[in-house]
Structure formats: C-alpha cells, structure tokens
>>> print(open('coords-v8.tsv').read())   # TSV, C-alpha atoms and all ligand atoms
chain	number	residue	atom	x	y	z
A	1	MET	CA	19.49	1.82	3.24
A	2	THR	CA	21.78	1.17	6.16
A	3	GLU	CA	22.20	-2.57	5.72
A	4	ALA	CA	25.66	-3.35	4.41
A	5	GLY	CA	25.40	-4.14	0.73
A	6	LEU	CA	22.63	-6.62	0.12
A	7	GLY	CA	23.45	-8.73	3.12
A	8	ARG	CA	21.09	-10.13	5.68
A	9	ALA	CA	18.89	-7.96	7.86
A	10	ASP	CA	19.19	-7.70	11.62
A	11	PRO	CA	18.24	-11.16	12.95
A	12	SER	CA	16.44	-9.71	16.00
A	13	PRO	CA	13.70	-7.62	14.38
A	14	ALA	CA	11.47	-7.24	17.44
A	15	ALA	CA	14.13	-5.95	19.80
A	16	ARG	CA	13.36	-2.23	19.59
A	17	PRO	CA	10.52	-0.29	21.22
A	18	GLY	CA	7.73	0.45	18.78
A	19	ASP	CA	8.66	-2.33	16.38
A	20	LEU	CA	5.75	-4.56	15.50
A	21	GLY	CA	8.05	-7.55	15.20
A	22	PRO	CA	7.84	-10.10	12.40
A	23	LEU	CA	4.36	-10.09	10.87
A	24	ALA	CA	2.59	-12.49	8.56
A	25	PRO	CA	1.29	-10.90	5.35
A	26	GLY	CA	-2.26	-10.83	6.66
A	27	GLN	CA	-1.16	-9.20	9.90
A	28	ALA	CA	0.75	-6.55	7.97
A	29	LEU	CA	-2.34	-5.78	5.89
A	30	ALA	CA	-4.43	-5.55	9.04
A	31	GLU	CA	-1.98	-3.02	10.49
A	32	LEU	CA	-2.32	-0.86	7.39
A	33	HIS	CA	-6.11	-0.97	7.55
A	34	ALA	CA	-6.10	-0.20	11.26
A	35	GLY	CA	-3.85	2.82	10.69
A	36	ASN	CA	-5.97	4.03	7.77
A	37	HIS	CA	-9.06	3.67	9.95
A	38	ARG	CA	-7.44	5.89	12.59
A	39	PHE	CA	-6.57	8.45	9.90
A	40	VAL	CA	-10.05	8.42	8.34
A	41	THR	CA	-11.80	8.80	11.68
A	42	GLY	CA	-9.56	11.62	12.86
A	43	MET	CA	-7.94	9.61	15.64
A	44	PRO	CA	-4.33	9.14	14.48
A	45	ARG	CA	-1.77	7.95	17.03
A	46	HIS	CA	1.29	9.01	15.01
A	47	PRO	CA	3.22	5.94	16.18
A	48	ASN	CA	6.99	5.70	15.93
A	49	GLN	CA	7.53	9.39	15.18
A	50	ASP	CA	9.22	10.42	18.43
A	51	ALA	CA	12.90	11.09	19.01
A	52	GLY	CA	13.34	7.91	21.02
A	53	HIS	CA	12.11	5.72	18.20
A	54	ARG	CA	14.16	7.69	15.70
A	55	ALA	CA	17.29	6.80	17.63
A	56	ALA	CA	16.18	3.22	18.20
A	57	VAL	CA	15.77	2.41	14.51
A	58	ALA	CA	18.94	4.17	13.38
A	59	ASP	CA	20.88	0.91	13.30
A	60	GLY	CA	18.47	-1.06	11.13
A	61	GLN	CA	15.05	-1.23	9.56
A	62	HIS	CA	12.30	-3.84	9.50
A	63	PRO	CA	9.41	-2.27	7.56
A	64	PHE	CA	6.29	-4.40	7.53
A	65	ALA	CA	4.98	-3.15	4.18
A	66	VAL	CA	6.31	-1.90	0.87
A	67	ILE	CA	4.20	0.86	-0.63
A	68	VAL	CA	4.53	1.35	-4.38
A	69	GLY	CA	2.47	4.50	-4.62
A	70	CYS	CA	1.66	7.37	-6.92
A	71	SER	CA	3.81	10.44	-6.28
A	72	ASP	CA	0.73	12.59	-5.80
A	73	SER	CA	1.42	15.03	-2.95
A	74	ARG	CA	-1.82	14.06	-1.23
A	75	LEU	CA	-0.88	10.39	-0.94
A	76	ALA	CA	1.81	10.37	1.76
A	77	ALA	CA	1.92	6.77	2.94
A	78	GLU	CA	3.01	7.32	6.55
A	79	ILE	CA	0.21	9.85	7.01
A	80	ILE	CA	-2.70	7.97	5.46
A	81	PHE	CA	-1.72	4.71	7.19
A	82	ASP	CA	-0.83	6.47	10.46
A	83	ARG	CA	2.65	4.96	10.77
A	84	GLY	CA	6.13	6.28	11.54
A	85	LEU	CA	9.84	5.78	11.06
A	86	GLY	CA	10.92	2.29	10.09
A	87	ASP	CA	7.40	1.02	9.35
A	88	LEU	CA	6.95	1.46	5.60
A	89	PHE	CA	9.35	1.04	2.68
A	90	VAL	CA	8.00	3.54	0.17
A	91	VAL	CA	8.65	3.77	-3.57
A	92	ARG	CA	6.72	6.43	-5.46
A	93	THR	CA	6.42	7.35	-9.11
A	94	ALA	CA	3.76	9.30	-10.97
A	95	GLY	CA	0.93	6.88	-11.70
A	96	HIS	CA	2.80	4.18	-9.69
A	97	THR	CA	4.53	3.18	-12.91
A	98	VAL	CA	7.02	0.37	-12.47
A	99	GLY	CA	10.49	0.09	-14.02
A	100	PRO	CA	13.68	-1.77	-13.11
A	101	GLU	CA	14.63	0.58	-10.27
A	102	VAL	CA	11.21	0.21	-8.68
A	103	LEU	CA	11.28	-3.57	-8.98
A	104	GLY	CA	14.80	-3.66	-7.56
A	105	SER	CA	13.69	-1.59	-4.60
A	106	VAL	CA	10.72	-3.88	-3.97
A	107	GLU	CA	12.90	-6.98	-4.23
A	108	TYR	CA	15.38	-5.46	-1.78
A	109	ALA	CA	12.66	-4.89	0.80
A	110	VAL	CA	11.06	-8.29	0.35
A	111	THR	CA	14.18	-10.45	0.17
A	112	VAL	CA	16.73	-8.56	2.29
A	113	LEU	CA	14.53	-6.80	4.84
A	114	GLY	CA	11.94	-9.59	4.95
A	115	THR	CA	8.99	-7.29	4.35
A	116	PRO	CA	5.87	-9.49	4.08
A	117	LEU	CA	3.50	-7.21	2.13
A	118	VAL	CA	3.66	-5.14	-1.07
A	119	VAL	CA	0.92	-2.59	-1.72
A	120	VAL	CA	0.32	-0.80	-5.01
A	121	LEU	CA	-1.34	2.45	-3.96
A	122	GLY	CA	-3.30	4.44	-6.50
A	123	HIS	CA	-5.98	7.04	-6.03
A	124	ASP	CA	-9.03	8.61	-7.60
A	125	SER	CA	-8.60	11.41	-10.14
A	126	CYS	CA	-4.98	10.37	-10.77
A	127	GLY	CA	-3.27	13.02	-12.88
A	128	ALA	CA	-0.90	10.55	-14.51
A	129	VAL	CA	-3.79	8.40	-15.72
A	130	GLN	CA	-5.62	11.50	-16.90
A	131	ALA	CA	-2.53	12.65	-18.79
A	132	ALA	CA	-2.21	9.27	-20.46
A	133	ARG	CA	-5.85	9.30	-21.48
A	134	ALA	CA	-5.53	12.82	-22.86
A	135	ALA	CA	-2.43	11.88	-24.85
A	136	ALA	CA	-4.17	8.80	-26.24
A	137	SER	CA	-7.30	10.70	-27.22
A	138	THR	CA	-5.45	13.54	-28.93
A	139	GLY	CA	-2.67	11.42	-30.38
A	140	THR	CA	-0.15	13.88	-29.01
A	141	PRO	CA	2.48	12.34	-26.72
A	142	PRO	CA	3.89	14.57	-23.99
A	143	VAL	CA	7.37	15.98	-24.28
A	144	GLY	CA	10.38	14.89	-22.27
A	145	HIS	CA	10.47	11.99	-19.86
A	146	LEU	CA	6.79	12.39	-19.02
A	147	ARG	CA	6.24	10.24	-22.07
A	148	ALA	CA	7.69	7.26	-20.19
A	149	VAL	CA	4.98	7.68	-17.54
A	150	VAL	CA	2.26	7.94	-20.16
A	151	ASP	CA	3.56	4.94	-22.09
A	152	ALA	CA	3.50	2.85	-18.91
A	153	VAL	CA	-0.19	3.63	-18.42
A	154	VAL	CA	-1.21	2.82	-22.01
A	155	PRO	CA	-1.71	-0.95	-21.42
A	156	SER	CA	-4.19	-0.08	-18.68
A	157	LEU	CA	-6.03	2.26	-21.03
A	158	ARG	CA	-6.30	-0.56	-23.56
A	159	ARG	CA	-7.64	-2.95	-20.97
A	160	ALA	CA	-10.18	-0.38	-19.83
A	161	ALA	CA	-11.32	0.15	-23.41
A	162	GLU	CA	-11.74	-3.60	-23.88
A	163	ARG	CA	-14.00	-3.66	-20.86
A	164	GLY	CA	-15.93	-0.56	-21.81
A	165	VAL	CA	-14.70	1.37	-18.78
A	166	GLU	CA	-14.56	5.09	-19.52
A	167	ASP	CA	-14.69	6.96	-16.20
A	168	ILE	CA	-11.32	7.97	-14.83
A	169	ASN	CA	-11.67	6.21	-11.49
A	170	GLY	CA	-12.69	2.97	-13.13
A	171	ILE	CA	-9.60	3.26	-15.29
A	172	VAL	CA	-7.51	3.94	-12.18
A	173	ASP	CA	-8.78	0.70	-10.61
A	174	ILE	CA	-7.79	-1.21	-13.72
A	175	HIS	CA	-4.39	0.48	-13.74
A	176	ILE	CA	-3.78	-0.50	-10.12
A	177	ALA	CA	-4.63	-4.14	-10.85
A	178	GLN	CA	-2.51	-4.00	-14.00
A	179	THR	CA	0.43	-2.70	-11.95
A	180	VAL	CA	0.10	-5.60	-9.52
A	181	GLU	CA	0.09	-8.07	-12.40
A	182	ALA	CA	3.02	-6.38	-14.12
A	183	MET	CA	5.15	-6.42	-10.98
A	184	LEU	CA	4.62	-10.14	-10.50
A	185	ALA	CA	5.17	-10.88	-14.19
A	186	GLU	CA	8.37	-8.85	-14.40
A	187	SER	CA	9.84	-9.88	-11.07
A	188	PRO	CA	10.32	-13.64	-10.71
A	189	VAL	CA	11.95	-12.87	-7.37
A	190	LEU	CA	8.77	-11.27	-6.03
A	191	ALA	CA	6.58	-13.96	-7.58
A	192	ALA	CA	8.64	-16.66	-5.87
A	193	GLU	CA	8.23	-14.96	-2.48
A	194	VAL	CA	4.47	-14.89	-3.00
A	195	THR	CA	4.37	-18.52	-4.10
A	196	ALA	CA	6.34	-19.47	-1.00
A	197	GLY	CA	3.78	-17.70	1.19
A	198	ARG	CA	6.28	-15.23	2.59
A	199	CYS	CA	4.71	-12.22	0.89
A	200	ALA	CA	1.45	-10.97	-0.62
A	201	VAL	CA	0.73	-8.19	-3.10
A	202	VAL	CA	-2.33	-5.97	-2.79
A	203	GLY	CA	-3.65	-3.17	-4.97
A	204	MET	CA	-5.44	-0.35	-3.16
A	205	SER	CA	-7.28	2.72	-4.36
A	206	TYR	CA	-7.28	5.76	-2.08
A	207	ARG	CA	-10.00	8.40	-1.96
A	208	LEU	CA	-8.45	11.85	-1.85
A	209	SER	CA	-11.40	13.45	-0.10
A	210	ALA	CA	-12.57	10.72	2.30
A	211	GLY	CA	-9.10	9.33	3.06
A	212	GLY	CA	-10.08	5.67	2.94
A	213	VAL	CA	-8.54	2.86	0.93
A	214	ARG	CA	-10.33	0.16	-1.04
A	215	THR	CA	-8.76	-3.09	-2.16
A	216	VAL	CA	-9.05	-3.67	-5.91
A	217	ALA	CA	-6.59	-6.55	-6.37
A	218	ALA	CA	-4.89	-9.17	-4.21
A	219	VAL	CA	-2.38	-11.93	-4.84
A	220	PRO	CA	-2.76	-14.66	-3.76
A	221	ALA	CA	-6.47	-14.57	-4.61
A	222	GLY	CA	-8.66	-14.08	-1.58
A	223	PHE	CA	-5.83	-12.65	0.51
A	224	ALA	CA	-7.34	-10.58	3.32
A	225	PRO	CA	-6.22	-8.86	6.51
A	226	ALA	CA	-5.84	-10.91	9.66
A	227	VAL	CA	-7.50	-9.72	12.83
A	228	PRO	CA	-5.57	-6.59	13.86
A	229	PRO	CA	-3.28	-7.28	16.82
A	230	ALA	CA	-3.27	-3.62	17.84
A	231	PRO	CA	-5.48	-2.46	20.72
A	232	ALA	CA	-8.75	-0.71	19.94
A	233	VAL	CA	-8.57	3.01	19.20
A	234	THR	CA	-11.49	3.86	21.45
A	235	PRO	CA	-10.67	3.60	25.19
A	236	ALA	CA	-12.47	0.81	26.96
A	237	PRO	CA	-15.29	1.87	29.33
A	238	ALA	CA	-14.26	2.28	32.95
A	239	VAL	CA	-17.10	0.17	34.36
A	240	THR	CA	-19.00	-2.98	33.38
A	241	PRO	CA	-16.56	-4.19	30.77
A	242	ALA	CA	-17.82	-6.64	28.19
A	243	PRO	CA	-17.35	-10.21	29.42
A	244	ALA	CA	-15.57	-11.42	26.27
A	245	ALA	CA	-14.29	-8.86	23.81
A	246	GLN	CA	-13.32	-11.60	21.37
A	247	ASP	CA	-16.97	-12.57	20.96
A	248	ALA	CA	-18.12	-9.06	20.10
A	249	PRO	CA	-19.82	-9.00	16.69
A	250	THR	CA	-18.14	-5.78	15.60
A	251	PRO	CA	-15.64	-6.53	12.83
A	252	PRO	CA	-12.10	-5.20	13.05
A	253	PRO	CA	-11.49	-1.80	11.45
A	254	GLY	CA	-9.69	-3.30	8.49
A	255	ALA	CA	-12.46	-5.76	7.77
A	256	ALA	CA	-15.06	-3.01	8.04
A	257	LEU	CA	-13.22	-0.88	5.53
A	258	LEU	CA	-12.86	-3.76	3.14
A	259	GLN	CA	-16.45	-4.88	3.40
A	260	GLY	CA	-17.89	-1.40	3.35
A	261	ALA	CA	-16.22	-0.43	0.13
A	262	ALA	CA	-15.92	-3.78	-1.56
A	263	PRO	CA	-18.28	-3.27	-4.54
A	264	ALA	CA	-16.14	-1.51	-7.10
A	265	ALA	CA	-18.92	0.63	-8.48
A	266	PRO	CA	-17.59	2.97	-11.16
A	267	ALA	CA	-17.53	6.44	-9.69
A	268	ALA	CA	-18.17	9.62	-11.56
A	269	ALA	CA	-15.02	11.32	-12.79
A	301	ZN	ZN	-1.70	9.84	-9.16
>>> encode(input="coords-v8.tsv", output="structure tokens")
Amino acid sequence: MTEAGLGRADPSPAARPGDLGPLAPGQALAELHAGNHRFVTGMPRHPNQDAGHRAAVADGQHPFAVIVGCSDSRLAAEIIFDRGLGDLFVVRTAGHTVGPEVLGSVEYAVTVLGTPLVVVLGHDSCGAVQAARAAASTGTPPVGHLRAVVDAVVPSLRRAAERGVEDINGIVDIHIAQTVEAMLAESPVLAAEVTAGRCAVVGMSYRLSAGGVRTVAAVPAGFAPAVPPAPAVTPAPAVTPAPAAQDAPTPPPGAALLQGAAPAAPAAA
C-alpha cells in the first residue's frame, strides 16, 4: 500500500494510461467477465503489464475489484481475469477463509481506495474444503494452524449437510456463498458500503480445467454485470460493417458466461 496511512486515495483516478477510471459495481463485474472470457477463449490481452504502466501506477492505485480468493496455485486472479498491475486488490487464503486481517484488507480497498466490487473466488475440487470434510468425517482435526482453516469451513459443511449436498463441488458453492454472507455479517463497514450502493459483493466458482467462472451468490440480490465498456475481442470486419452494433442480438461476454453456466447443477466430485 502506497497511500499514506489510511488517508484518502488520489482524487484523479482516471489520469493514467490504462486506468479504467471510476467504475460502477456492475461495470467492474462486467470487466472481470470480459477478461475471464478472453482467458477462457485463449485471446488474453495482458493489459496493464508493460513497463510504462508499471511506472504510471507507481504513485497510487485504483483497483476496480477486490478478489478474496483461495490460495490455490491455479487460481491467480490477474491471469484468469486477464488484468494487470493496479487493477485487482487480491487477498488470498486457503479455502478463502476470512478473519480480521482479511476483512481489514477488504475494508481498506473499499473505503480508502474506493473499489466498487468484492469477489469471493472459490473453485472446484478445493483442497481446503476437502481437508475440512475429511477432518469432519474422521473426527481427527489437523495439526498446527491448518486447524484454523478447517474450522472456518465447518459452518459450510453443516449447511451442506442440512441441504443434503454431498459432492465436493456442491459444498464448495455453499462455502462460497457462506463466505459472502460471513463477510457482510462481520464487517458493518462493508455492509454499509453495499447498502449505500457504492459496492457489491459477488461469489464466484472457478473451473480449474475450463477456466471459466460461475456466479453462485450476489449482494445486493440480482446484481449483474453491466454491458462491458471494453471493445470487442474479435477485430471488426474490414468491409460491410454492421449498421448498428448496439442492436446486435449477441449478448456481451460476461452475460453469456453468466447465462451459460447459471444452473448450479451439482457436479461430480
Ligand atoms: Zn481451494
């Protein structure tokens, strides 16, 4: 963190090349979906990763999303959302478990940096959730501080049991939603930002093999990505352009991802 203490952020957030400028929560979510679409389809742009941008953002940061993700080595936020330096404020713990330091980091980003979106990012086959389930089934808690991770997942295991959900990825979805709820319950600061409309909180599940994300929770209810402001990934045809691109029936990449994967069918473990 380069901001002095917990003072105010740079008041001119859109001044640097590559910055997206101030975004509404829905616009921020659309940017994440657009970047994930580029990553999934093998057309990443790797924005804001050059030396010029590195120098430009050295004096301040204006990330448009906070990612509270699992520490899994295959879940690197800047890669799967195709973003660069200064774009994402990332906090990672095994099983995206949330304690005071995590909440403090989120509150810093939301209230000091003005970040409009918080994403809880889990994934299929999560080892932390599997470890918690194994500990619960055997009655043998893990040694050392790993127990704190397992204990933090236990409420999600209970909720899954109440709902009759047994497959690991169904439990992961419940744990993601539970994490969203816990963050808002334990952070009145974050909850107030959401109530004021300055921020939204979304839970996403990432597929390790396919690379796509699926929304499993959103606060406020019904929160969805705005139409992506970024240009299309595919170059426009050189001749006979479409008369009105805005009227094209093709949904934006983010919307397509959301709609295509919306039914949360329990997947095989
Ligand atoms: Zn994990």
>>> residues_near_point(input="coords-v8.tsv", point="(14.9, 3.3, 13.2)", cutoff="10 Å", atoms="all atoms listed in the file", output="PDB file with C-alpha atoms, keeping the file's coordinate frame")
ATOM      1  CA  ARG A  16      13.360  -2.230  19.590  1.00  0.00           C
ATOM      2  CA  PRO A  17      10.520  -0.290  21.220  1.00  0.00           C
ATOM      3  CA  GLY A  18       7.730   0.450  18.780  1.00  0.00           C
ATOM      4  CA  ASP A  19       8.660  -2.330  16.380  1.00  0.00           C
ATOM      5  CA  ASN A  48       6.990   5.700  15.930  1.00  0.00           C
ATOM      6  CA  GLN A  49       7.530   9.390  15.180  1.00  0.00           C
ATOM      7  CA  ALA A  51      12.900  11.090  19.010  1.00  0.00           C
ATOM      8  CA  GLY A  52      13.340   7.910  21.020  1.00  0.00           C
ATOM      9  CA  HIS A  53      12.110   5.720  18.200  1.00  0.00           C
ATOM     10  CA  ARG A  54      14.160   7.690  15.700  1.00  0.00           C
ATOM     11  CA  ALA A  55      17.290   6.800  17.630  1.00  0.00           C
ATOM     12  CA  ALA A  56      16.180   3.220  18.200  1.00  0.00           C
ATOM     13  CA  VAL A  57      15.770   2.410  14.510  1.00  0.00           C
ATOM     14  CA  ALA A  58      18.940   4.170  13.380  1.00  0.00           C
ATOM     15  CA  ASP A  59      20.880   0.910  13.300  1.00  0.00           C
ATOM     16  CA  GLY A  60      18.470  -1.060  11.130  1.00  0.00           C
ATOM     17  CA  GLN A  61      15.050  -1.230   9.560  1.00  0.00           C
ATOM     18  CA  HIS A  62      12.300  -3.840   9.500  1.00  0.00           C
ATOM     19  CA  PRO A  63       9.410  -2.270   7.560  1.00  0.00           C
ATOM     20  CA  GLY A  84       6.130   6.280  11.540  1.00  0.00           C
ATOM     21  CA  LEU A  85       9.840   5.780  11.060  1.00  0.00           C
ATOM     22  CA  GLY A  86      10.920   2.290  10.090  1.00  0.00           C
ATOM     23  CA  ASP A  87       7.400   1.020   9.350  1.00  0.00           C
TER      24      ASP A  87
END
>>> residues_near_ligand(input="coords-v8.tsv", ligand="ligand ZN 301 (chain A)", cutoff="8 Å", atoms="all atoms listed in the file", output="ChimeraX atom specification")
/A:70-72,94-96,122-129
>>> closest_residue(input="coords-v8.tsv", among="A:Gly69, A:Arg133, A:Val219, A:Ala177", to="A:Ala161", atoms="all atoms listed in the file")
A:Arg133
>>> atom_distance(input="coords-v8.tsv", atom1="atom CA of A:Gly170", atom2="atom CA of A:Gly104")
28.8 Å
>>> atom_distance(input="coords-v8.tsv", atom1="atom CA of A:Ser187", atom2="atom CA of A:Asn169")
26.9 Å
>>> closest_residue(input="coords-v8.tsv", among="A:His175, A:Arg45, A:Arg159, A:Arg198", to="A:Pro25", atoms="all atoms listed in the file")
A:Arg198
>>> atom_distance(input="coords-v8.tsv", atom1="atom CA of A:Ala217", atom2="atom CA of A:Glu166")
19.3 Å
>>> closest_residue(input="coords-v8.tsv", among="A:Thr41, A:Gln130, A:Thr215, A:Thr111", to="A:Ala192", atoms="all atoms listed in the file")
A:Thr111
>>> residues_near_point(input="coords-v8.tsv", point="(-5.9, 3.3, 10.6)", cutoff="10 Å", atoms="all atoms listed in the file", output="PDB file with C-alpha atoms, in the frame of the given file")
ATOM      1  CA  ALA A  30      -4.430  -5.550   9.040  1.00  0.00           C
ATOM      2  CA  GLU A  31      -1.980  -3.020  10.490  1.00  0.00           C
ATOM      3  CA  LEU A  32      -2.320  -0.860   7.390  1.00  0.00           C
ATOM      4  CA  HIS A  33      -6.110  -0.970   7.550  1.00  0.00           C
ATOM      5  CA  ALA A  34      -6.100  -0.200  11.260  1.00  0.00           C
ATOM      6  CA  GLY A  35      -3.850   2.820  10.690  1.00  0.00           C
ATOM      7  CA  ASN A  36      -5.970   4.030   7.770  1.00  0.00           C
ATOM      8  CA  HIS A  37      -9.060   3.670   9.950  1.00  0.00           C
ATOM      9  CA  ARG A  38      -7.440   5.890  12.590  1.00  0.00           C
ATOM     10  CA  PHE A  39      -6.570   8.450   9.900  1.00  0.00           C
ATOM     11  CA  VAL A  40     -10.050   8.420   8.340  1.00  0.00           C
ATOM     12  CA  THR A  41     -11.800   8.800  11.680  1.00  0.00           C
ATOM     13  CA  GLY A  42      -9.560  11.620  12.860  1.00  0.00           C
ATOM     14  CA  MET A  43      -7.940   9.610  15.640  1.00  0.00           C
ATOM     15  CA  PRO A  44      -4.330   9.140  14.480  1.00  0.00           C
ATOM     16  CA  ARG A  45      -1.770   7.950  17.030  1.00  0.00           C
ATOM     17  CA  ILE A  79       0.210   9.850   7.010  1.00  0.00           C
ATOM     18  CA  ILE A  80      -2.700   7.970   5.460  1.00  0.00           C
ATOM     19  CA  PHE A  81      -1.720   4.710   7.190  1.00  0.00           C
ATOM     20  CA  ASP A  82      -0.830   6.470  10.460  1.00  0.00           C
ATOM     21  CA  ARG A  83       2.650   4.960  10.770  1.00  0.00           C
ATOM     22  CA  GLY A 212     -10.080   5.670   2.940  1.00  0.00           C
ATOM     23  CA  VAL A 233      -8.570   3.010  19.200  1.00  0.00           C
ATOM     24  CA  PRO A 253     -11.490  -1.800  11.450  1.00  0.00           C
ATOM     25  CA  GLY A 254      -9.690  -3.300   8.490  1.00  0.00           C
ATOM     26  CA  LEU A 257     -13.220  -0.880   5.530  1.00  0.00           C
TER      27      LEU A 257
END
>>> axis_aligned_box(input="coords-v8.tsv", around="stretch 208-213 of chain A", padding_each_side="6 Å", output="lines of an AutoDock Vina configuration file")
center_x = -10.5
center_y = 8.2
center_z = 0.6
size_x = 16.1
size_y = 22.6
size_z = 16.9
>>> closest_residue(input="coords-v8.tsv", among="A:Ile171, A:Val66, A:Val227, A:Ala135", to="A:Asp151", atoms="all atoms listed in the file")
A:Ala135
>>> closest_residue(input="coords-v8.tsv", among="A:Val91, A:Ala132, A:Leu75, A:Val106", to="A:Leu208", atoms="all atoms listed in the file")
A:Leu75
>>> build_atoms(input="coords-v8.tsv", residues="stretch 55-68 of chain A", atoms="N, CA and C atoms", output="PDB file, in the coordinates of the input")
ATOM      1  N   ALA A  55      15.970   7.298  17.244  1.00  0.00           N
ATOM      2  CA  ALA A  55      17.290   6.800  17.630  1.00  0.00           C
ATOM      3  C   ALA A  55      17.316   5.277  17.645  1.00  0.00           C
ATOM      4  N   ALA A  56      16.208   4.677  18.061  1.00  0.00           N
ATOM      5  CA  ALA A  56      16.180   3.220  18.200  1.00  0.00           C
ATOM      6  C   ALA A  56      16.297   2.505  16.872  1.00  0.00           C
ATOM      7  N   VAL A  57      15.748   3.101  15.811  1.00  0.00           N
ATOM      8  CA  VAL A  57      15.770   2.410  14.510  1.00  0.00           C
ATOM      9  C   VAL A  57      16.953   2.829  13.639  1.00  0.00           C
ATOM     10  N   ALA A  58      17.828   3.666  14.195  1.00  0.00           N
ATOM     11  CA  ALA A  58      18.940   4.170  13.380  1.00  0.00           C
ATOM     12  C   ALA A  58      19.872   3.066  12.918  1.00  0.00           C
ATOM     13  N   ASP A  59      19.928   1.963  13.650  1.00  0.00           N
ATOM     14  CA  ASP A  59      20.880   0.910  13.300  1.00  0.00           C
ATOM     15  C   ASP A  59      20.295  -0.174  12.409  1.00  0.00           C
ATOM     16  N   GLY A  60      19.048  -0.039  12.008  1.00  0.00           N
ATOM     17  CA  GLY A  60      18.470  -1.060  11.130  1.00  0.00           C
ATOM     18  C   GLY A  60      16.995  -0.834  10.922  1.00  0.00           C
ATOM     19  N   GLN A  61      16.467  -1.421   9.855  1.00  0.00           N
ATOM     20  CA  GLN A  61      15.050  -1.230   9.560  1.00  0.00           C
ATOM     21  C   GLN A  61      14.369  -2.562   9.300  1.00  0.00           C
ATOM     22  N   HIS A  62      13.111  -2.643   9.718  1.00  0.00           N
ATOM     23  CA  HIS A  62      12.300  -3.840   9.500  1.00  0.00           C
ATOM     24  C   HIS A  62      10.889  -3.410   9.103  1.00  0.00           C
ATOM     25  N   PRO A  63      10.750  -2.729   7.977  1.00  0.00           N
ATOM     26  CA  PRO A  63       9.410  -2.270   7.560  1.00  0.00           C
ATOM     27  C   PRO A  63       8.482  -3.444   7.316  1.00  0.00           C
ATOM     28  N   PHE A  64       7.211  -3.276   7.696  1.00  0.00           N
ATOM     29  CA  PHE A  64       6.290  -4.400   7.530  1.00  0.00           C
ATOM     30  C   PHE A  64       5.504  -4.322   6.226  1.00  0.00           C
ATOM     31  N   ALA A  65       5.664  -3.229   5.478  1.00  0.00           N
ATOM     32  CA  ALA A  65       4.980  -3.150   4.180  1.00  0.00           C
ATOM     33  C   ALA A  65       5.799  -2.294   3.224  1.00  0.00           C
ATOM     34  N   VAL A  66       5.780  -2.714   1.964  1.00  0.00           N
ATOM     35  CA  VAL A  66       6.310  -1.900   0.870  1.00  0.00           C
ATOM     36  C   VAL A  66       5.133  -1.192   0.234  1.00  0.00           C
ATOM     37  N   ILE A  67       5.242   0.108   0.048  1.00  0.00           N
ATOM     38  CA  ILE A  67       4.200   0.860  -0.630  1.00  0.00           C
ATOM     39  C   ILE A  67       4.746   1.351  -1.961  1.00  0.00           C
ATOM     40  N   VAL A  68       4.188   0.856  -3.047  1.00  0.00           N
ATOM     41  CA  VAL A  68       4.530   1.350  -4.380  1.00  0.00           C
ATOM     42  C   VAL A  68       3.384   2.280  -4.778  1.00  0.00           C
TER      43      VAL A  68
END
